[in-house]
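A.B. asks: So I've got this file, protein11.cif, and it contains mmCIF, C-alpha atoms:
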```cif
data_upload
loop_
_atom_site.label_atom_id
_atom_site.label_comp_id
_atom_site.auth_asym_id
_atom_site.auth_seq_id
_atom_site.Cartn_x
_atom_site.Cartn_y
_atom_site.Cartn_z
CA MET A 1 -5.82 -13.60 1.73
CA GLU A 2 -8.92 -15.52 2.75
CA ARG A 3 -11.10 -16.08 -0.32
CA THR A 4 -13.93 -13.97 1.11
CA ALA A 5 -11.61 -11.00 1.65
CA TYR A 6 -11.44 -10.05 -2.04
CA ALA A 7 -15.20 -9.77 -2.39
CA GLU A 8 -15.42 -7.85 0.89
CA MET A 9 -12.74 -5.38 -0.24
CA ALA A 10 -14.35 -4.85 -3.64
CA ALA A 11 -17.67 -4.12 -1.93
CA ILE A 12 -16.39 -1.36 0.36
CA ASP A 13 -13.15 0.13 -0.95
CA ASP A 14 -14.92 2.90 -2.88
CA VAL A 15 -16.75 4.11 0.23
CA HIS A 16 -14.83 3.11 3.36
CA TRP A 17 -13.02 6.02 5.01
CA TRP A 18 -9.68 4.20 5.25
CA TYR A 19 -9.40 3.38 1.55
CA ARG A 20 -10.64 6.79 0.41
CA ALA A 21 -8.40 8.81 2.70
CA ARG A 22 -5.35 6.67 2.00
CA ARG A 23 -5.73 7.32 -1.74
CA THR A 24 -5.89 11.05 -1.01
CA VAL A 25 -2.75 11.00 1.13
CA LEU A 26 -0.77 8.82 -1.26
CA GLY A 27 -1.80 10.87 -4.28
CA GLU A 28 -0.19 13.89 -2.65
CA VAL A 29 2.93 11.90 -1.74
CA ILE A 30 3.29 10.71 -5.35
CA ALA A 31 2.83 14.22 -6.72
CA ARG A 32 5.47 15.67 -4.40
CA ALA A 33 8.01 12.89 -4.01
CA ALA A 34 7.65 10.21 -6.64
CA ALA A 35 6.01 11.55 -9.79
CA PRO A 36 7.21 9.61 -12.87
CA LYS A 37 8.65 11.39 -15.86
CA ALA A 38 6.24 12.09 -18.74
CA GLY A 39 5.66 9.15 -21.02
CA ARG A 40 6.67 6.51 -18.47
CA PRO A 41 4.00 4.15 -17.12
CA VAL A 42 2.95 3.73 -13.51
CA VAL A 43 2.88 0.08 -12.40
CA GLU A 44 0.98 -1.22 -9.41
CA ILE A 45 2.29 -4.57 -8.20
CA GLY A 46 -0.30 -6.44 -6.18
CA CYS A 47 -3.26 -4.33 -7.30
CA GLY A 48 -5.78 -6.58 -5.55
CA THR A 49 -9.32 -5.73 -6.62
CA GLY A 50 -8.16 -2.56 -8.42
CA ALA A 51 -9.32 0.09 -5.97
CA ASN A 52 -6.25 2.28 -6.49
CA LEU A 53 -5.91 2.12 -10.27
CA ALA A 54 -8.15 5.09 -11.10
CA ALA A 55 -6.23 7.24 -8.60
CA LEU A 56 -2.97 6.45 -10.45
CA VAL A 57 -4.24 7.53 -13.88
CA PRO A 58 -3.32 11.23 -13.41
CA PHE A 59 0.34 10.20 -13.14
CA GLY A 60 0.58 8.33 -16.44
CA GLU A 61 -0.38 5.16 -18.28
CA VAL A 62 -1.24 2.53 -15.68
CA LEU A 63 -0.18 -1.12 -15.73
CA ALA A 64 -1.21 -3.56 -13.02
CA VAL A 65 0.08 -6.89 -11.78
CA GLU A 66 -1.78 -9.30 -9.49
CA PRO A 67 -1.15 -12.97 -8.66
CA ASP A 68 -4.70 -13.95 -7.68
CA ALA A 69 -7.10 -14.80 -10.50
CA GLU A 70 -10.22 -13.76 -8.59
CA ALA A 71 -8.72 -10.39 -7.71
CA ARG A 72 -7.62 -9.87 -11.33
CA THR A 73 -11.21 -10.42 -12.45
CA HIS A 74 -12.49 -7.78 -10.00
CA ALA A 75 -9.73 -5.33 -10.99
CA ALA A 76 -10.24 -5.76 -14.74
CA ALA A 77 -14.00 -5.30 -14.46
CA ARG A 78 -13.78 -2.05 -12.49
CA SER A 79 -10.80 -0.49 -14.30
CA GLY A 80 -11.15 -1.64 -17.90
CA LEU A 81 -7.45 -2.52 -17.85
CA THR A 82 -5.77 -5.80 -18.68
CA ILE A 83 -4.42 -7.01 -15.35
CA LEU A 84 -1.16 -8.89 -15.79
CA GLU A 85 -0.51 -12.09 -13.92
CA GLY A 86 2.63 -12.00 -11.81
CA ARG A 87 3.94 -12.54 -8.33
CA LEU A 88 6.83 -11.67 -6.06
CA PRO A 89 9.65 -12.38 -5.93
CA ASP A 90 10.21 -14.54 -9.02
CA GLY A 91 7.24 -14.07 -11.32
CA LEU A 92 7.12 -10.42 -12.40
CA PRO A 93 6.21 -9.85 -16.06
CA ASP A 94 8.67 -8.10 -18.39
CA ASP A 95 5.99 -5.52 -19.29
CA ILE A 96 6.85 -3.49 -16.18
CA ASP A 97 10.49 -2.83 -17.07
CA GLY A 98 9.94 0.68 -18.48
CA ALA A 99 8.07 2.00 -15.45
CA GLY A 100 8.67 5.50 -14.19
CA LEU A 101 7.02 4.61 -10.90
CA ILE A 102 6.25 1.26 -9.28
CA VAL A 103 3.67 1.22 -6.52
CA MET A 104 3.20 -1.52 -3.91
CA LEU A 105 0.39 -0.66 -1.51
CA ASP A 106 0.21 -3.01 1.46
CA VAL A 107 1.82 -5.84 -0.50
CA LEU A 108 5.25 -6.48 1.03
CA GLU A 109 3.82 -7.85 4.27
CA HIS A 110 2.16 -10.64 2.26
CA VAL A 111 5.51 -11.92 0.94
CA GLU A 112 7.44 -14.28 3.17
CA ASN A 113 10.85 -13.22 1.81
CA ASP A 114 10.47 -9.45 1.74
CA ARG A 115 14.14 -8.83 0.95
CA ALA A 116 13.96 -11.05 -2.14
CA ALA A 117 10.76 -9.28 -3.21
CA LEU A 118 12.38 -5.85 -2.99
CA MET A 119 15.48 -7.10 -4.80
CA ALA A 120 13.26 -8.36 -7.63
CA VAL A 121 11.58 -4.96 -7.93
CA ALA A 122 14.90 -3.11 -7.65
CA ALA A 123 16.19 -5.11 -10.61
CA ARG A 124 13.32 -3.70 -12.72
CA LEU A 125 13.79 -0.06 -11.68
CA LYS A 126 15.44 2.34 -14.11
CA PRO A 127 17.94 4.72 -12.47
CA ASP A 128 15.46 7.62 -12.51
CA ALA A 129 12.42 5.56 -11.48
CA ARG A 130 10.97 5.31 -7.99
CA LEU A 131 9.27 2.66 -5.89
CA LEU A 132 6.52 3.84 -3.55
CA LEU A 133 5.33 1.33 -1.02
CA THR A 134 3.12 1.21 2.03
CA VAL A 135 3.09 -1.42 4.77
CA PRO A 136 1.19 -1.91 8.03
CA ALA A 137 3.18 -0.56 10.97
CA MET A 138 3.73 -1.27 14.64
CA PRO A 139 4.06 -5.00 15.44
CA PHE A 140 2.14 -4.56 18.69
CA LEU A 141 -0.97 -3.76 16.60
CA TRP A 142 -0.99 -7.34 15.29
CA SER A 143 -4.58 -8.63 15.27
CA ARG A 144 -6.97 -11.03 13.61
CA HIS A 145 -7.09 -8.60 10.68
CA ASP A 146 -3.42 -9.39 9.94
CA GLU A 147 -4.07 -13.12 10.22
CA ASP A 148 -7.13 -13.04 7.94
CA HIS A 149 -5.13 -11.10 5.35
CA HIS A 150 -2.20 -13.54 5.58
CA HIS A 151 0.36 -11.00 6.72
CA PHE A 152 3.79 -12.25 7.69
CA ARG A 153 4.69 -9.12 9.67
CA ARG A 154 4.03 -5.51 10.57
CA TYR A 155 6.96 -3.08 10.25
CA THR A 156 8.68 -0.32 12.14
CA ALA A 157 10.52 2.47 10.34
CA SER A 158 13.84 0.85 11.28
CA SER A 159 12.86 -2.64 10.09
CA LEU A 160 11.50 -1.33 6.77
CA ARG A 161 14.62 0.76 6.22
CA ALA A 162 16.81 -2.23 7.00
CA VAL A 163 15.13 -4.54 4.51
CA ALA A 164 15.06 -1.84 1.81
CA GLU A 165 18.77 -1.12 2.20
CA ALA A 166 19.57 -4.84 2.32
CA ALA A 167 17.84 -5.11 -1.05
CA GLY A 168 20.08 -2.38 -2.45
CA LEU A 169 17.54 0.43 -2.38
CA LYS A 170 18.03 4.00 -1.21
CA VAL A 171 15.40 5.48 1.10
CA GLU A 172 14.46 8.90 -0.24
CA MET A 173 11.48 9.46 2.04
CA MET A 174 9.90 7.42 4.80
CA SER A 175 7.11 8.35 7.17
CA TYR A 176 4.51 6.86 9.40
CA PHE A 177 0.97 7.87 8.49
CA ASN A 178 -2.57 7.32 9.73
CA THR A 179 -1.15 9.05 12.80
CA LEU A 180 -4.00 11.32 13.88
CA LEU A 181 -6.29 8.33 14.39
CA PHE A 182 -3.55 6.14 15.83
CA PRO A 183 -4.70 6.36 19.49
CA LEU A 184 -8.25 5.39 18.53
CA ILE A 185 -7.19 2.49 16.28
CA ALA A 186 -4.60 1.22 18.76
CA GLY A 187 -7.20 1.32 21.53
CA VAL A 188 -9.74 -0.63 19.48
CA ARG A 189 -7.13 -3.24 18.50
CA TRP A 190 -6.00 -3.57 22.13
CA VAL A 191 -9.56 -4.12 23.38
CA LYS A 192 -10.28 -6.66 20.63
CA ASN A 193 -7.10 -8.59 21.37
CA LEU A 194 -7.78 -8.49 25.11
CA THR A 195 -11.36 -9.72 24.77
CA GLY A 196 -10.70 -12.19 21.95
CA SER A 197 -13.19 -10.38 19.72
CA THR A 198 -13.64 -11.89 16.26
CA GLU A 199 -15.36 -8.79 14.84
CA MET A 200 -13.77 -7.73 11.56
CA ASP A 201 -12.16 -4.29 11.06
CA THR A 202 -13.61 -3.81 7.59
CA GLY A 203 -17.16 -2.73 8.34
CA VAL A 204 -18.26 0.67 7.05
CA PRO A 205 -19.35 2.91 9.96
CA SER A 206 -22.41 5.15 9.88
CA PRO A 207 -22.25 7.81 7.12
CA TRP A 208 -21.48 10.75 9.43
CA LEU A 209 -18.69 8.85 11.21
CA ASN A 210 -17.31 7.52 7.94
CA ARG A 211 -17.07 11.09 6.58
CA LEU A 212 -15.46 12.37 9.78
CA LEU A 213 -12.83 9.64 9.89
CA GLU A 214 -12.05 10.19 6.22
CA LYS A 215 -11.54 13.93 6.75
CA ILE A 216 -9.25 13.40 9.73
CA PHE A 217 -7.11 10.81 7.98
CA ALA A 218 -7.07 12.70 4.65
CA PHE A 219 -5.81 15.85 6.41
CA GLU A 220 -2.48 14.05 6.72
CA ARG A 221 -1.86 14.80 3.04
CA HIS A 222 -0.56 18.15 4.29
CA LEU A 223 1.76 16.49 6.82
CA VAL A 224 3.30 13.30 5.45
CA GLY A 225 6.81 13.90 4.20
CA ARG A 226 6.79 17.45 5.55
CA LEU A 227 6.61 16.98 9.31
CA PRO A 228 7.98 14.19 11.52
CA MET A 229 5.31 11.55 12.16
CA PRO A 230 6.60 9.53 15.13
CA VAL A 231 3.94 6.79 15.06
CA GLY A 232 1.22 5.58 12.75
CA VAL A 233 -0.87 2.62 11.74
CA SER A 234 1.00 2.48 8.41
CA LEU A 235 4.34 3.40 6.85
CA VAL A 236 4.99 4.92 3.43
CA ALA A 237 8.38 4.99 1.73
CA VAL A 238 9.78 6.31 -1.55
CA LEU A 239 12.75 4.24 -2.67
CA SER A 240 15.20 4.36 -5.58
CA THR A 241 18.23 2.49 -6.85
CA GLY A 242 20.40 5.50 -5.97
CA ARG A 243 21.88 5.47 -9.49
CA ASP A 244 20.44 8.77 -10.83
#
```
Would you mind writing the structure in this file as structure tokens?
C.D. replies:
Amino acid sequence: MERTAYAEMAAIDDVHWWYRARRTVLGEVIARAAAPKAGRPVVEIGCGTGANLAALVPFGEVLAVEPDAEARTHAAARSGLTILEGRLPDGLPDDIDGAGLIVMLDVLEHVENDRAALMAVAARLKPDARLLLTVPAMPFLWSRHDEDHHHFRRYTASSLRAVAEAAGLKVEMMSYFNTLLFPLIAGVRWVKNLTGSTEMDTGVPSPWLNRLLEKIFAFERHLVGRLPMPVGVSLVAVLSTGRD
């Protein structure tokens, strides 16, 4: 990502509606569909500035991996954890091999060879372990935000399924999410692209609007994985080796 992006994320990811609601939704998905067995650590690959680490603690001992030194510094300071250096696809540390759950939250789109990245993670998964990942969805939503964050792509459900299966992984659950706000977000992105706006997407709105958007998005914790979600700003998938 751009160097300024890490500091910007660390400054807002405890309060911004998108980060807060996403943690709520994904916590429910983990509890229902991907909870690791007792005594097995949870590993976040690509933990960034560490915003999600505290939310993973209820599911077990947490280990974290991050390639960027500046982001590791932010993550270690806020979590109190030792953040391991490592990168996809060829630089993952051996410490993660006993994981009961590996989490990659908006990471895969940053890796040029996504199939190789998933193959590298699959090689570390025990037969009864799970990989939970999220990615940005809908290629037509591509915007300056994707460019500033050095994304290589946005996914559809079919393209994410294809790369997961090509890497030898079984799709146990896949769903779009951030669906209820999709029309609003798509409209804003369309206007920005049409007008050439350089305004960033990461600003925190006024407190009342921030709370409202968080409540709407967080409500999807009751829906994801239970009801069909035909579109969404993001995708979530639970994957396994299929060797249980």
A.B. asks: Taking all atoms listed in the file into account, name the residue in A:Ile30, A:Ala38, A:Asp128, A:Thr179 that is nearest to A:Glu220.
C.D. replies: A:Thr179
A.B. asks: Could you tell me how far atom CA of A:Tyr19 lies from atom CA of A:Gly50, in Å and to one decimal?
C.D. replies: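 Between atom CA of A:Tyr19 and atom CA of A:Gly50 the gap works out to 11.7 Å.
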A.B. asks: Tell me, as an NGL selection string, which residues lie within 10 Å of A:Ala51, counting all atoms listed in the file; anything in the same chain fewer than 3 positions away does not count.
C.D. replies: :A and (9-10 or 12-14 or 19-20 or 23 or 47-48 or 54-55 or 74-75 or 78-79)
A.B. asks: Any idea what's packed within 9 Å of A:Glu28, counting all atoms listed in the file, ignoring anything in its chain fewer than 6 positions away? Could you give it as a ChimeraX atom specification?
C.D. replies: /A:221-222,224
A.B. asks: When distances are computed from only C-alpha atoms, which of A:Arg226, A:His110, A:Arg211, A:Arg72 shows the smallest separation from A:His16?
C.D. replies: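 Closest candidate: A:Arg211.
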A.B. asks: I'd like to know which of A:Leu194, A:Leu84, A:Ala122, A:Val238 is closest to A:Gly225, using only C-alpha atoms.
C.D. replies: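 Of A:Leu194, A:Leu84, A:Ala122, A:Val238, the one nearest A:Gly225 is A:Val238, counting only C-alpha atoms.
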A.B. asks: Hey, which of A:Ala76, A:Met119, A:Leu63, A:Val15 ends up closest to A:Leu169? Count all atoms listed in the file.
C.D. replies: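 For A:Leu169, the nearest of the candidates is A:Met119.
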A.B. asks: Mind pulling up the distance from atom CA of A:Met138 to atom CA of A:Gly46?
C.D. replies: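 Distance reported for this atom pair: 21.8 Å.
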A.B. asks: Taking into account only C-alpha atoms, which residue in the set A:Tyr155, A:Phe182, A:Arg115, A:Trp17 is nearest to A:Trp208?
C.D. replies: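 Going through A:Tyr155, A:Phe182, A:Arg115, A:Trp17 one by one, the smallest distance to A:Trp208 is for A:Trp17.
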A.B. asks: Determine, counting only C-alpha atoms, which protein, DNA and RNA residues have an atom within 12 Å of an atom of A:Pro127; residues of the same chain fewer than 6 positions away are not included. Present the result as a PDB file with C-alpha atoms, keeping the file's coordinate frame.
C.D. replies:
```pdb
ATOM      1  CA  PRO A  36       7.210   9.610 -12.870  1.00  0.00           C
ATOM      2  CA  LYS A  37       8.650  11.390 -15.860  1.00  0.00           C
ATOM      3  CA  ASP A  97      10.490  -2.830 -17.070  1.00  0.00           C
ATOM      4  CA  GLY A  98       9.940   0.680 -18.480  1.00  0.00           C
ATOM      5  CA  ALA A  99       8.070   2.000 -15.450  1.00  0.00           C
ATOM      6  CA  GLY A 100       8.670   5.500 -14.190  1.00  0.00           C
ATOM      7  CA  LEU A 101       7.020   4.610 -10.900  1.00  0.00           C
ATOM      8  CA  LEU A 169      17.540   0.430  -2.380  1.00  0.00           C
ATOM      9  CA  LYS A 170      18.030   4.000  -1.210  1.00  0.00           C
ATOM     10  CA  LEU A 239      12.750   4.240  -2.670  1.00  0.00           C
ATOM     11  CA  SER A 240      15.200   4.360  -5.580  1.00  0.00           C
ATOM     12  CA  THR A 241      18.230   2.490  -6.850  1.00  0.00           C
ATOM     13  CA  GLY A 242      20.400   5.500  -5.970  1.00  0.00           C
ATOM     14  CA  ARG A 243      21.880   5.470  -9.490  1.00  0.00           C
ATOM     15  CA  ASP A 244      20.440   8.770 -10.830  1.00  0.00           C
TER      16      ASP A 244
END
```
A.B. asks: For the point (11.5, -6.5, 0.0) in file coordinates, what residues are within 9 Å, counting only C-alpha atoms? Give the answer as a PyMOL selection string?
C.D. replies: chain A and resi 89+108-109+111+113-121+160+163-164+166-167
A.B. asks: Mind dumping the selected residues with C-alpha atoms as a PDB file, in the coordinates of the input?
C.D. replies:
```
ATOM      1  CA  PRO A  89       9.650 -12.380  -5.930  1.00  0.00           C
ATOM      2  CA  LEU A 108       5.250  -6.480   1.030  1.00  0.00           C
ATOM      3  CA  GLU A 109       3.820  -7.850   4.270  1.00  0.00           C
ATOM      4  CA  VAL A 111       5.510 -11.920   0.940  1.00  0.00           C
ATOM      5  CA  ASN A 113      10.850 -13.220   1.810  1.00  0.00           C
ATOM      6  CA  ASP A 114      10.470  -9.450   1.740  1.00  0.00           C
ATOM      7  CA  ARG A 115      14.140  -8.830   0.950  1.00  0.00           C
ATOM      8  CA  ALA A 116      13.960 -11.050  -2.140  1.00  0.00           C
ATOM      9  CA  ALA A 117      10.760  -9.280  -3.210  1.00  0.00           C
ATOM     10  CA  LEU A 118      12.380  -5.850  -2.990  1.00  0.00           C
ATOM     11  CA  MET A 119      15.480  -7.100  -4.800  1.00  0.00           C
ATOM     12  CA  ALA A 120      13.260  -8.360  -7.630  1.00  0.00           C
ATOM     13  CA  VAL A 121      11.580  -4.960  -7.930  1.00  0.00           C
ATOM     14  CA  LEU A 160      11.500  -1.330   6.770  1.00  0.00           C
ATOM     15  CA  VAL A 163      15.130  -4.540   4.510  1.00  0.00           C
ATOM     16  CA  ALA A 164      15.060  -1.840   1.810  1.00  0.00           C
ATOM     17  CA  ALA A 166      19.570  -4.840   2.320  1.00  0.00           C
ATOM     18  CA  ALA A 167      17.840  -5.110  -1.050  1.00  0.00           C
TER      19      ALA A 167
END
```
A.B. asks: For A:Leu105, which residue among A:Thr49, A:Glu44, A:Asp68, A:Trp142 is the nearest when counting all atoms listed in the file?
C.D. replies: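 Comparing A:Thr49, A:Glu44, A:Asp68, A:Trp142 against A:Leu105, the winner is A:Glu44.
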A.B. asks: How far is it from atom CA of A:Ile45 to atom CA of A:Phe140, in Å with one decimal?
C.D. replies: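 Computed distance, atom CA of A:Ile45 to atom CA of A:Phe140, equals 26.9 Å.
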A.B. asks: Could you give me, as a ChimeraX atom specification, the residues within 8 Å of A:Thr156, counting all atoms listed in the file and dropping anything in the same chain fewer than 2 positions from it?
C.D. replies: /A:137-139,154,158-160,235
A.B. asks: Would you put the residues from that selection into a file with C-alpha atoms, as a compact mmCIF listing (two decimals), in the coordinates of the input?
C.D. replies:
```txt
# COMPACT_ATOMS: atom_id res chain seq x y z
CA ALA A 137 3.18 -0.56 10.97
CA MET A 138 3.73 -1.27 14.64
CA PRO A 139 4.06 -5.00 15.44
CA ARG A 154 4.03 -5.51 10.57
CA SER A 158 13.84 0.85 11.28
CA SER A 159 12.86 -2.64 10.09
CA LEU A 160 11.50 -1.33 6.77
CA LEU A 235 4.34 3.40 6.85
```
A.B. asks: Would you write out, as a list in words, every residue that the PyMOL selection byres ((chain A and resi 135) around 6) captures in this file?
C.D. replies: Asp106, Thr134, Pro136, Ser234 and Leu235 of chain A
